[in-house]
>>> print(open('structure.cif').read())   # mmCIF, C-alpha atoms
data_entry
loop_
_atom_site.group_PDB
_atom_site.id
_atom_site.type_symbol
_atom_site.label_atom_id
_atom_site.label_comp_id
_atom_site.auth_asym_id
_atom_site.auth_seq_id
_atom_site.Cartn_x
_atom_site.Cartn_y
_atom_site.Cartn_z
ATOM 1 C CA MET A 1 7.326 -50.243 -0.035
ATOM 2 C CA GLN A 2 6.726 -46.746 -1.334
ATOM 3 C CA VAL A 3 5.266 -43.581 0.065
ATOM 4 C CA ASP A 4 1.653 -43.359 -0.974
ATOM 5 C CA ALA A 5 0.824 -40.949 -3.795
ATOM 6 C CA THR A 6 -2.746 -39.958 -4.535
ATOM 7 C CA THR A 7 -3.747 -40.559 -8.136
ATOM 8 C CA HIS A 8 -5.321 -37.667 -9.999
ATOM 9 C CA SER A 9 -6.957 -38.220 -13.360
ATOM 10 C CA GLU A 10 -7.492 -34.521 -13.853
ATOM 11 C CA VAL A 11 -5.339 -31.592 -12.799
ATOM 12 C CA ASN A 12 -6.725 -28.117 -12.232
ATOM 13 C CA VAL A 13 -3.840 -25.706 -12.717
ATOM 14 C CA HIS A 14 -6.126 -22.781 -11.929
ATOM 15 C CA SER A 15 -6.628 -23.913 -8.330
ATOM 16 C CA ALA A 16 -8.293 -21.388 -6.054
ATOM 17 C CA ASP A 17 -5.425 -21.881 -3.610
ATOM 18 C CA GLY A 18 -3.009 -20.400 -6.088
ATOM 19 C CA PRO A 19 0.340 -21.503 -7.485
ATOM 20 C CA PHE A 20 1.245 -23.692 -4.481
ATOM 21 C CA SER A 21 -1.810 -25.905 -4.873
ATOM 22 C CA ALA A 22 -1.387 -26.018 -8.640
ATOM 23 C CA CYS A 23 2.203 -27.235 -8.253
ATOM 24 C CA MET A 24 1.150 -29.825 -5.674
ATOM 25 C CA GLU A 25 -1.631 -31.139 -7.897
ATOM 26 C CA LEU A 26 0.676 -31.357 -10.892
ATOM 27 C CA GLY A 27 3.293 -33.117 -8.784
ATOM 28 C CA LYS A 28 0.777 -35.751 -7.680
ATOM 29 C CA HIS A 29 -0.372 -36.196 -11.250
ATOM 30 C CA TYR A 30 3.160 -36.708 -12.553
ATOM 31 C CA LEU A 31 3.875 -39.208 -9.765
ATOM 32 C CA SER A 32 0.778 -41.186 -10.705
ATOM 33 C CA ILE A 33 1.883 -41.557 -14.333
ATOM 34 C CA GLY A 34 5.553 -42.253 -13.631
ATOM 35 C CA ARG A 35 7.045 -38.932 -14.703
ATOM 36 C CA TYR A 36 9.187 -38.551 -11.622
ATOM 37 C CA PRO A 37 11.640 -35.790 -12.672
ATOM 38 C CA GLN A 38 8.671 -33.604 -13.626
ATOM 39 C CA ALA A 39 7.018 -34.407 -10.289
ATOM 40 C CA ARG A 40 10.175 -33.403 -8.436
ATOM 41 C CA HIS A 41 10.306 -30.106 -10.330
ATOM 42 C CA CYS A 42 6.681 -29.367 -9.370
ATOM 43 C CA TYR A 43 7.314 -30.102 -5.695
ATOM 44 C CA GLU A 44 10.436 -27.952 -5.729
ATOM 45 C CA SER A 45 8.324 -25.118 -7.113
ATOM 46 C CA ALA A 46 5.655 -25.751 -4.466
ATOM 47 C CA ALA A 47 8.288 -25.571 -1.707
ATOM 48 C CA GLY A 48 9.371 -22.236 -3.125
ATOM 49 C CA TYR A 49 5.836 -20.891 -2.792
ATOM 50 C CA ARG A 50 5.196 -22.342 0.670
ATOM 51 C CA ARG A 51 7.790 -23.969 2.918
ATOM 52 C CA GLY A 52 5.575 -26.672 4.412
ATOM 53 C CA ALA A 53 5.905 -30.378 5.079
ATOM 54 C CA ALA A 54 3.621 -31.456 2.211
ATOM 55 C CA ALA A 55 5.916 -30.219 -0.555
ATOM 56 C CA TYR A 56 8.912 -31.976 1.003
ATOM 57 C CA VAL A 57 6.964 -35.227 1.357
ATOM 58 C CA GLY A 58 6.310 -34.947 -2.388
ATOM 59 C CA LEU A 59 9.990 -34.305 -3.045
ATOM 60 C CA GLY A 60 10.892 -37.349 -0.970
ATOM 61 C CA ALA A 61 8.362 -39.536 -2.764
ATOM 62 C CA SER A 62 9.720 -38.424 -6.149
ATOM 63 C CA ALA A 63 13.276 -39.156 -5.072
ATOM 64 C CA LEU A 64 12.283 -42.609 -3.799
ATOM 65 C CA ARG A 65 10.759 -43.481 -7.178
ATOM 66 C CA MET A 66 14.103 -42.581 -8.752
ATOM 67 C CA ASP A 67 16.083 -44.556 -6.107
ATOM 68 C CA SER A 68 17.797 -41.381 -4.907
ATOM 69 C CA LEU A 69 17.864 -42.405 -1.246
ATOM 70 C CA ASP A 70 20.058 -39.568 0.063
ATOM 71 C CA GLU A 71 17.837 -36.989 -1.611
ATOM 72 C CA ALA A 72 14.705 -38.714 -0.327
ATOM 73 C CA GLU A 73 16.043 -38.837 3.235
ATOM 74 C CA GLU A 74 16.949 -35.155 3.175
ATOM 75 C CA ALA A 75 13.469 -34.198 1.932
ATOM 76 C CA PHE A 76 11.635 -36.364 4.469
ATOM 77 C CA ARG A 77 13.794 -35.093 7.334
ATOM 78 C CA THR A 78 13.028 -31.529 6.293
ATOM 79 C CA ALA A 79 9.312 -32.396 6.344
ATOM 80 C CA VAL A 80 9.636 -33.805 9.878
ATOM 81 C CA ARG A 81 11.468 -30.686 11.037
ATOM 82 C CA LEU A 82 8.658 -28.558 9.649
ATOM 83 C CA ASP A 83 5.943 -30.814 11.070
ATOM 84 C CA PRO A 84 7.053 -33.348 13.719
ATOM 85 C CA ALA A 85 3.633 -35.046 13.486
ATOM 86 C CA CYS A 86 3.958 -35.697 9.738
ATOM 87 C CA GLY A 87 3.239 -39.414 9.418
ATOM 88 C CA PRO A 88 3.919 -39.664 5.659
ATOM 89 C CA ALA A 89 7.412 -38.212 6.163
ATOM 90 C CA LEU A 90 8.181 -40.759 8.893
ATOM 91 C CA ASN A 91 6.850 -43.528 6.646
ATOM 92 C CA GLY A 92 9.116 -42.248 3.900
ATOM 93 C CA LEU A 93 12.114 -42.357 6.227
ATOM 94 C CA GLY A 94 11.097 -45.895 7.144
ATOM 95 C CA THR A 95 11.106 -46.864 3.476
ATOM 96 C CA VAL A 96 14.548 -45.293 3.037
ATOM 97 C CA ALA A 97 15.842 -47.319 5.998
ATOM 98 C CA GLU A 98 14.331 -50.493 4.523
ATOM 99 C CA ARG A 99 15.983 -49.876 1.157
ATOM 100 C CA ARG A 100 19.301 -49.494 2.951
ATOM 101 C CA GLY A 101 18.785 -52.784 4.754
ATOM 102 C CA ASP A 102 18.260 -51.314 8.238
ATOM 103 C CA SER A 103 15.031 -53.016 9.311
ATOM 104 C CA HIS A 104 15.467 -52.056 12.981
ATOM 105 C CA GLU A 105 15.602 -48.343 12.087
ATOM 106 C CA ALA A 106 12.630 -48.823 9.766
ATOM 107 C CA PHE A 107 10.685 -50.439 12.617
ATOM 108 C CA GLU A 108 11.327 -47.470 14.909
ATOM 109 C CA LEU A 109 10.265 -44.973 12.251
ATOM 110 C CA TYR A 110 7.021 -46.795 11.443
ATOM 111 C CA ALA A 111 6.322 -47.037 15.172
ATOM 112 C CA GLN A 112 6.806 -43.277 15.510
ATOM 113 C CA SER A 113 4.406 -42.732 12.627
ATOM 114 C CA LEU A 114 1.798 -44.922 14.321
ATOM 115 C CA ASP A 115 2.232 -42.995 17.570
ATOM 116 C CA ARG A 116 0.999 -39.986 15.619
ATOM 117 C CA ARG A 117 -1.593 -41.753 13.411
ATOM 118 C CA PRO A 118 -2.535 -45.155 14.942
ATOM 119 C CA GLY A 119 -4.606 -46.294 11.957
ATOM 120 C CA ASP A 120 -2.106 -45.409 9.213
ATOM 121 C CA ALA A 121 -2.294 -48.411 6.854
ATOM 122 C CA GLU A 122 1.103 -47.741 5.291
ATOM 123 C CA ALA A 123 2.818 -47.492 8.667
ATOM 124 C CA LEU A 124 1.094 -50.673 9.875
ATOM 125 C CA LEU A 125 2.267 -52.574 6.802
ATOM 126 C CA GLY A 126 5.801 -51.247 7.220
ATOM 127 C CA LEU A 127 5.837 -52.115 10.925
ATOM 128 C CA PHE A 128 4.586 -55.638 10.228
ATOM 129 C CA GLN A 129 7.175 -56.254 7.501
ATOM 130 C CA SER A 130 10.048 -54.894 9.579
ATOM 131 C CA ALA A 131 8.854 -56.882 12.629
ATOM 132 C CA CYS A 132 8.964 -60.071 10.538
ATOM 133 C CA ARG A 133 12.473 -59.234 9.306
ATOM 134 C CA THR A 134 13.802 -58.452 12.785
ATOM 135 C CA GLY A 135 11.758 -60.819 14.958
ATOM 136 C CA ARG A 136 10.325 -57.914 16.970
ATOM 137 C CA TYR A 137 6.879 -59.480 17.164
ATOM 138 C CA GLU A 138 6.185 -58.571 20.773
ATOM 139 C CA ALA A 139 7.113 -54.929 20.180
ATOM 140 C CA ALA A 140 4.669 -54.729 17.249
ATOM 141 C CA LEU A 141 1.818 -56.615 18.906
ATOM 142 C CA GLY A 142 0.287 -53.823 20.984
ATOM 143 C CA ARG A 143 -0.080 -51.480 18.036
ATOM 144 C CA PHE A 144 -1.896 -54.146 16.024
ATOM 145 C CA VAL A 145 -4.207 -54.942 18.935
ATOM 146 C CA ARG A 146 -5.118 -51.253 19.109
ATOM 147 C CA ALA A 147 -5.532 -51.033 15.335
ATOM 148 C CA VAL A 148 -7.951 -53.980 15.330
ATOM 149 C CA GLU A 149 -9.924 -52.399 18.163
ATOM 150 C CA ALA A 150 -10.151 -49.162 16.184
ATOM 151 C CA TYR A 151 -10.838 -50.809 12.801
ATOM 152 C CA PRO A 152 -12.523 -54.172 13.525
ATOM 153 C CA GLY A 153 -13.578 -54.620 9.901
ATOM 154 C CA ASP A 154 -10.067 -54.463 8.448
ATOM 155 C CA LYS A 155 -9.250 -58.106 7.740
ATOM 156 C CA VAL A 156 -5.689 -57.381 6.591
ATOM 157 C CA VAL A 157 -4.846 -55.792 9.943
ATOM 158 C CA LYS A 158 -6.607 -58.689 11.699
ATOM 159 C CA PHE A 159 -4.640 -61.244 9.724
ATOM 160 C CA SER A 160 -1.386 -59.450 10.577
ATOM 161 C CA LEU A 161 -2.364 -59.641 14.251
ATOM 162 C CA ALA A 162 -3.038 -63.377 13.904
ATOM 163 C CA VAL A 163 0.388 -63.872 12.311
ATOM 164 C CA LEU A 164 2.038 -62.012 15.196
ATOM 165 C CA TYR A 165 0.202 -64.198 17.730
ATOM 166 C CA HIS A 166 1.290 -67.269 15.783
ATOM 167 C CA LYS A 167 4.919 -66.144 15.694
ATOM 168 C CA LEU A 168 4.799 -65.582 19.460
ATOM 169 C CA GLY A 169 3.339 -69.028 20.081
ATOM 170 C CA ARG A 170 0.029 -67.632 21.313
ATOM 171 C CA LEU A 171 -1.920 -70.167 19.308
ATOM 172 C CA SER A 172 -5.301 -69.791 21.031
ATOM 173 C CA ASP A 173 -5.245 -66.043 20.370
ATOM 174 C CA ALA A 174 -4.219 -66.649 16.758
ATOM 175 C CA ARG A 175 -7.049 -69.151 16.343
ATOM 176 C CA ARG A 176 -9.613 -66.731 17.792
ATOM 177 C CA VAL A 177 -8.637 -63.945 15.362
ATOM 178 C CA LEU A 178 -8.520 -66.279 12.364
ATOM 179 C CA VAL A 179 -11.973 -67.682 13.147
ATOM 180 C CA GLU A 180 -13.286 -64.099 13.303
ATOM 181 C CA ILE A 181 -11.781 -63.341 9.903
ATOM 182 C CA LEU A 182 -13.206 -66.472 8.281
ATOM 183 C CA SER A 183 -16.648 -65.937 9.776
ATOM 184 C CA ASP A 184 -16.826 -62.739 7.701
ATOM 185 C CA SER A 185 -14.644 -63.772 4.729
ATOM 186 C CA ARG A 186 -14.858 -67.507 4.068
ATOM 187 C CA ASP A 187 -12.709 -67.206 0.935
ATOM 188 C CA TYR A 188 -9.709 -65.652 2.733
ATOM 189 C CA SER A 189 -7.340 -68.487 1.800
ATOM 190 C CA CYS A 190 -4.328 -67.173 3.733
ATOM 191 C CA ALA A 191 -6.357 -67.121 6.941
ATOM 192 C CA ALA A 192 -7.750 -70.592 6.225
ATOM 193 C CA ASP A 193 -4.260 -72.005 5.636
ATOM 194 C CA LEU A 194 -2.875 -70.448 8.803
ATOM 195 C CA LEU A 195 -5.868 -71.645 10.822
ATOM 196 C CA GLU A 196 -5.256 -75.189 9.613
ATOM 197 C CA GLU A 197 -1.638 -74.956 10.778
ATOM 198 C CA VAL A 198 -2.688 -73.501 14.139
ATOM 199 C CA GLU A 199 -5.297 -76.236 14.660
ATOM 200 C CA LEU A 200 -2.681 -78.918 13.935
ATOM 201 C CA ARG A 201 -0.270 -77.407 16.444
ATOM 202 C CA LEU A 202 -2.971 -77.038 19.079
ATOM 203 C CA GLY A 203 -4.000 -80.640 18.512
ATOM 204 C CA ALA A 204 -0.416 -81.825 18.869
ATOM 205 C CA GLU A 205 -0.036 -79.921 22.144
ATOM 206 C CA SER A 206 -3.268 -81.260 23.695
#
>>> encode(input="structure.cif", output="C-alpha cells")
Amino acid sequence: MQVDATTHSEVNVHSADGPFSACMELGKHYLSIGRYPQARHCYESAAGYRRGAAAYVGLGASALRMDSLDEAEEAFRTAVRLDPACGPALNGLGTVAERRGDSHEAFELYAQSLDRRPGDAEALLGLFQSACRTGRYEAALGRFVRAVEAYPGDKVVKFSLAVLYHKLGRLSDARRVLVEILSDSRDYSCAADLLEEVELRLGAES
C-alpha cells in the first residue's frame, strides 16, 4: 500500500500561490511519472518555503517509493507534529509499519486516521488489510459500519463489511450486506462467491 499521490498531466510553475505551490505541483507531477528523487527535491524546496504538513507528506511519499522507510517515517512524523489531524501522514506511517511487518501498529495508525477522517478510502483499506493480518475483526467492525452508513453506495466498503461479518461468524449480517451489494451490482463476482459460501454455512446450521 502506498500513500496516495494526485496525478497531474500539466504543471503550472507560475502558480499564483508562489514558489511553494509551484514546488508542490512539480513534486506531485514527478511522483506521478516515477521520478522520485526529483519529487523529493521539490518537496524539500517546498518545505523550505513553508513549513507545513503537506510538504512533509510529499517527502514521506517520495521516500516510500524509494523504499527509504526511516526517511519516510521521519517525514510523516514531522507532518503529524505540524498537523495532528493530518490523515495522509498517519496513513503513511501505517504503510511504513506494514512494510516493517508490524500489522498491529499499522492497524492503530489507520484507526487514528479514520478517527480524523471517517471516510478516508486509503485508511479504510489499510485498516481492513491489517485487521485480516492480525485477526482484529471486531475492532475494525464499527468503523466499517459507520463508513457504510456514510457512504451507502460504496460497494467495496460494503464488501469489506460483509467479510468482517463473515470472519466473526455473523452470517446473517454478512448475507444481508451481500444481498444489498448484488441487488445493485449483479456482476460483483466476489460478493456472489462469498454469498454462496454464507448460504451453504447457514443451510448447514439450520
>>> atom_distance(input="structure.cif", atom1="atom CA of A:Lys155", atom2="atom CA of A:Asp187")
11.9 Å
>>> closest_residue(input="structure.cif", among="A:Gly101, A:Pro88, A:Gly48, A:Gly34", to="A:Ala121", atoms="only C-alpha atoms")
A:Pro88
>>> resolve_selection(input="structure.cif", expression="the PyMOL selection byres ((chain A and resi 106) around 9)", output="ChimeraX atom specification")
/A:91,93-98,101-105,107-111,126-127,130
>>> axis_aligned_box(input="structure.cif", around="stretch 90-106 of chain A", padding_each_side="3 Å", output="AutoDock Vina command-line options")
--center_x 13.1 --center_y -46.9 --center_z 7.1 --size_x 18.5 --size_y 18.3 --size_z 17.8
>>> closest_residue(input="structure.cif", among="A:Ala174, A:Arg143, A:Tyr137, A:Gly87", to="A:Arg116", atoms="only C-alpha atoms")
A:Gly87
>>> atom_distance(input="structure.cif", atom1="atom CA of A:Leu26", atom2="atom CA of A:Tyr49")
14.2 Å
>>> residues_around(input="structure.cif", residues="A:Phe20", least_positions_apart="2", cutoff="9 Å", atoms="only C-alpha atoms", output="list in words")
Ser15, Asp17, Gly18, Ala22, Cys23, Met24, Glu25, Tyr43, Ser45, Ala46, Ala47, Gly48, Tyr49, Arg50 and Ala55 of chain A
>>> write_last_selection(input="structure.cif", atoms="C-alpha atoms", output="compact mmCIF listing (two decimals), in the coordinates of the input")
# COMPACT_ATOMS: atom_id res chain seq x y z
CA SER A 15 -6.63 -23.91 -8.33
CA ASP A 17 -5.42 -21.88 -3.61
CA GLY A 18 -3.01 -20.40 -6.09
CA ALA A 22 -1.39 -26.02 -8.64
CA CYS A 23 2.20 -27.24 -8.25
CA MET A 24 1.15 -29.82 -5.67
CA GLU A 25 -1.63 -31.14 -7.90
CA TYR A 43 7.31 -30.10 -5.70
CA SER A 45 8.32 -25.12 -7.11
CA ALA A 46 5.66 -25.75 -4.47
CA ALA A 47 8.29 -25.57 -1.71
CA GLY A 48 9.37 -22.24 -3.12
CA TYR A 49 5.84 -20.89 -2.79
CA ARG A 50 5.20 -22.34 0.67
CA ALA A 55 5.92 -30.22 -0.56
>>> residues_around(input="structure.cif", residues="stretch 58-71 of chain A", least_positions_apart="6", cutoff="7 Å", atoms="all atoms listed in the file", output="list in words")
Val3, Leu31, Tyr36, Ala39, Arg40, Tyr43, Glu44 and Val96 of chain A
>>> residues_around(input="structure.cif", residues="A:Val177", least_positions_apart="6", cutoff="9 Å", atoms="all atoms listed in the file", output="PyMOL selection string")
chain A and resi 158-159+161-162
>>> atom_distance(input="structure.cif", atom1="atom CA of A:Leu125", atom2="atom CA of A:Ser185")
20.4 Å
>>> closest_residue(input="structure.cif", among="A:Arg176, A:His166, A:Arg51, A:Arg117", to="A:Leu194", atoms="all atoms listed in the file")
A:His166
>>> resolve_selection(input="structure.cif", expression="the PyMOL selection byres ((chain A and resi 202) around 12)", output="PyMOL selection string")
chain A and resi 166+169-175+195-201+203-206
>>> residues_around(input="structure.cif", residues="A:Ala79", least_positions_apart="3", cutoff="9 Å", atoms="all atoms listed in the file", output="list in words")
Gly52, Ala53, Ala54, Ala55, Tyr56, Val57, Gly60, Glu74, Ala75, Phe76, Leu82, Asp83, Pro84, Cys86, Ala89 and Leu90 of chain A
>>> write_last_selection(input="structure.cif", atoms="C-alpha atoms", output="short mmCIF file (atom, residue, chain, number, x, y, z; two decimals), keeping the file's coordinate frame")
data_model
loop_
_atom_site.label_atom_id
_atom_site.label_comp_id
_atom_site.auth_asym_id
_atom_site.auth_seq_id
_atom_site.Cartn_x
_atom_site.Cartn_y
_atom_site.Cartn_z
CA GLY A 52 5.58 -26.67 4.41
CA ALA A 53 5.90 -30.38 5.08
CA ALA A 54 3.62 -31.46 2.21
CA ALA A 55 5.92 -30.22 -0.56
CA TYR A 56 8.91 -31.98 1.00
CA VAL A 57 6.96 -35.23 1.36
CA GLY A 60 10.89 -37.35 -0.97
CA GLU A 74 16.95 -35.16 3.18
CA ALA A 75 13.47 -34.20 1.93
CA PHE A 76 11.64 -36.36 4.47
CA LEU A 82 8.66 -28.56 9.65
CA ASP A 83 5.94 -30.81 11.07
CA PRO A 84 7.05 -33.35 13.72
CA CYS A 86 3.96 -35.70 9.74
CA ALA A 89 7.41 -38.21 6.16
CA LEU A 90 8.18 -40.76 8.89
#
>>> residues_around(input="structure.cif", residues="A:Leu141", least_positions_apart="4", cutoff="9 Å", atoms="all atoms listed in the file", output="list in words")
Arg136, Tyr137, Val145, Arg146, Leu161, Leu164 and Tyr165 of chain A
>>> decode(input="structure.cif", residues="stretch 72-104 of chain A", atoms="N, CA and C atoms", output="compact mmCIF listing (two decimals), in the first residue's frame")
# COMPACT_ATOMS: atom_id res chain seq x y z
N ALA A 72 11.06 8.05 5.33
CA ALA A 72 9.62 8.23 5.21
C ALA A 72 8.99 8.43 6.58
N GLU A 73 9.38 7.62 7.54
CA GLU A 73 8.82 7.74 8.90
C GLU A 73 9.11 9.11 9.48
N GLU A 74 10.34 9.56 9.33
CA GLU A 74 10.71 10.87 9.88
C GLU A 74 9.87 11.99 9.26
N ALA A 75 9.65 11.92 7.94
CA ALA A 75 8.87 12.95 7.26
C ALA A 75 7.40 12.91 7.71
N PHE A 76 6.83 11.72 7.78
CA PHE A 76 5.42 11.62 8.19
C PHE A 76 5.24 12.06 9.64
N ARG A 77 6.19 11.71 10.50
CA ARG A 77 6.07 12.13 11.90
C ARG A 77 6.19 13.65 12.02
N THR A 78 7.02 14.25 11.21
CA THR A 78 7.10 15.71 11.20
C THR A 78 5.76 16.31 10.77
N ALA A 79 5.13 15.71 9.75
CA ALA A 79 3.83 16.19 9.29
C ALA A 79 2.79 16.10 10.39
N VAL A 80 2.81 15.00 11.16
CA VAL A 80 1.83 14.85 12.25
C VAL A 80 2.10 15.85 13.36
N ARG A 81 3.37 16.14 13.63
CA ARG A 81 3.67 17.16 14.64
C ARG A 81 3.14 18.52 14.20
N LEU A 82 3.27 18.81 12.92
CA LEU A 82 2.80 20.10 12.41
C LEU A 82 1.28 20.16 12.32
N ASP A 83 0.65 19.02 12.05
CA ASP A 83 -0.80 18.96 11.94
C ASP A 83 -1.28 17.62 12.46
N PRO A 84 -1.65 17.54 13.75
CA PRO A 84 -2.07 16.27 14.35
C PRO A 84 -3.28 15.62 13.66
N ALA A 85 -4.03 16.40 12.89
CA ALA A 85 -5.21 15.86 12.20
C ALA A 85 -4.90 15.44 10.77
N CYS A 86 -3.62 15.34 10.43
CA CYS A 86 -3.22 15.04 9.04
C CYS A 86 -3.38 13.55 8.74
N GLY A 87 -4.51 13.19 8.16
CA GLY A 87 -4.78 11.80 7.82
C GLY A 87 -3.76 11.18 6.90
N PRO A 88 -3.37 11.85 5.80
CA PRO A 88 -2.38 11.24 4.90
C PRO A 88 -1.06 10.89 5.58
N ALA A 89 -0.64 11.70 6.56
CA ALA A 89 0.60 11.40 7.27
C ALA A 89 0.43 10.15 8.13
N LEU A 90 -0.73 10.01 8.78
CA LEU A 90 -0.98 8.81 9.58
C LEU A 90 -1.08 7.58 8.69
N ASN A 91 -1.70 7.74 7.51
CA ASN A 91 -1.74 6.62 6.56
C ASN A 91 -0.33 6.23 6.13
N GLY A 92 0.51 7.24 5.91
CA GLY A 92 1.88 6.97 5.52
C GLY A 92 2.63 6.21 6.61
N LEU A 93 2.42 6.60 7.86
CA LEU A 93 3.04 5.88 8.97
C LEU A 93 2.51 4.45 9.05
N GLY A 94 1.23 4.28 8.73
CA GLY A 94 0.66 2.94 8.69
C GLY A 94 1.33 2.08 7.64
N THR A 95 1.58 2.67 6.48
CA THR A 95 2.26 1.94 5.40
C THR A 95 3.69 1.58 5.81
N VAL A 96 4.37 2.50 6.47
CA VAL A 96 5.72 2.20 6.96
C VAL A 96 5.68 1.02 7.92
N ALA A 97 4.72 1.03 8.85
CA ALA A 97 4.60 -0.07 9.81
C ALA A 97 4.33 -1.39 9.09
N GLU A 98 3.46 -1.35 8.08
CA GLU A 98 3.17 -2.56 7.30
C GLU A 98 4.44 -3.10 6.65
N ARG A 99 5.20 -2.20 6.03
CA ARG A 99 6.42 -2.64 5.32
C ARG A 99 7.42 -3.26 6.30
N ARG A 100 7.36 -2.83 7.54
CA ARG A 100 8.26 -3.39 8.55
C ARG A 100 7.69 -4.65 9.20
N GLY A 101 6.50 -5.03 8.79
CA GLY A 101 5.90 -6.25 9.32
C GLY A 101 5.15 -6.09 10.61
N ASP A 102 4.86 -4.85 11.02
CA ASP A 102 4.14 -4.60 12.28
C ASP A 102 2.69 -4.25 11.97
N SER A 103 1.88 -5.28 11.74
CA SER A 103 0.48 -5.05 11.34
C SER A 103 -0.35 -4.47 12.48
N HIS A 104 -0.01 -4.78 13.73
CA HIS A 104 -0.76 -4.21 14.85
C HIS A 104 -0.56 -2.70 14.92
